[in-house]
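**Q** The structure's right below; bear with me while I get my questions together.
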Amino acid sequence: MMINTSIKFPIGYSQGIVIDTIVAICTTRGTGTTNTTFKISYGNNIESTGTAVVASPSAVTSHTTITKVSSFNNAIIAKGNMIWCQFTDVTTIPRNMMIQIIGHKQ
């Protein structure tokens, strides 16, 4: 089983937000750890290259502790933009992954 790093997973549609925090956690298949790197991007079309929220993608390496991102290159997402997640590197495939964007209205 593989995670395709070219697929963009839609997260939502912006009504004009400022991102404060991104949290992520993975569950594993059986025992062991996970190692999955993801990036959050936005743009007016999910088929576009998009703008990365964080320049360096974030790695999730624990299934017991959340990965928290609170420093951003592009935290303001204007109204009318799609937001998506894309995996950039998957060393250990997770069973599930949860990504939550916490922010406030622009």
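Identifiers in this document derive from the order of the structure tokens: chains are assigned A, B, ..., residues are numbered from 1 separately in each chain, and ligands are numbered from 1 in order of occurrence.
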Write out as a VMD selection string which residues come within 10 Å of Thr88 in chain A when counting only C-alpha atoms, dropping same-chain ones fewer than 2 positions away.

**A** chain A and resid 3 to 7 36 to 39 57 to 59 85 to 86 90

**Q** So that I can see what lies close to Ile83 in chain A, please list as a list in words the residues with an atom at most 9 Å from it, counting only C-alpha atoms and leaving out residues fewer than 2 positions away in the same chain.

**A** Phe9, Pro10, Ile11, Gly12, Tyr13, Ser14, Ile40, Ser41, Tyr42, Gly43, Asn44, Ile46, Gly50, Ile77, Asn81 and Cys85 of chain A

**Q** Taking only C-alpha atoms into account, name the residue in A:Ile76, A:Val53, A:Val69, A:Val60 that is nearest to Gln15 in chain A.

**A**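 Closest to Gln15 in chain A of all the choices is A:Ile76.
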
**Q** I'd like to know which of A:Asn73, A:Gln100, A:Gln106, A:Thr61 is closest to Cys26 in chain A, using only C-alpha atoms.

**A**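 Looking only at the distances to Cys26 in chain A, the closest residue turns out to be A:Thr61.
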
**Q** Hey, which of A:Asn74, A:Ile25, A:Asn45, A:Asn35 ends up closest to Thr91 in chain A? Count only C-alpha atoms.

**A**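 Of A:Asn74, A:Ile25, A:Asn45, A:Asn35, the one nearest Thr91 in chain A is A:Asn35, counting only C-alpha atoms.
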
**Q** Please identify all polymer residues within 10 Å of Thr21 in chain A, counting only C-alpha atoms, omitting same-chain residues fewer than 4 positions from it, and present them as a ChimeraX atom specification.

**A** /A:68-72,75,100-103
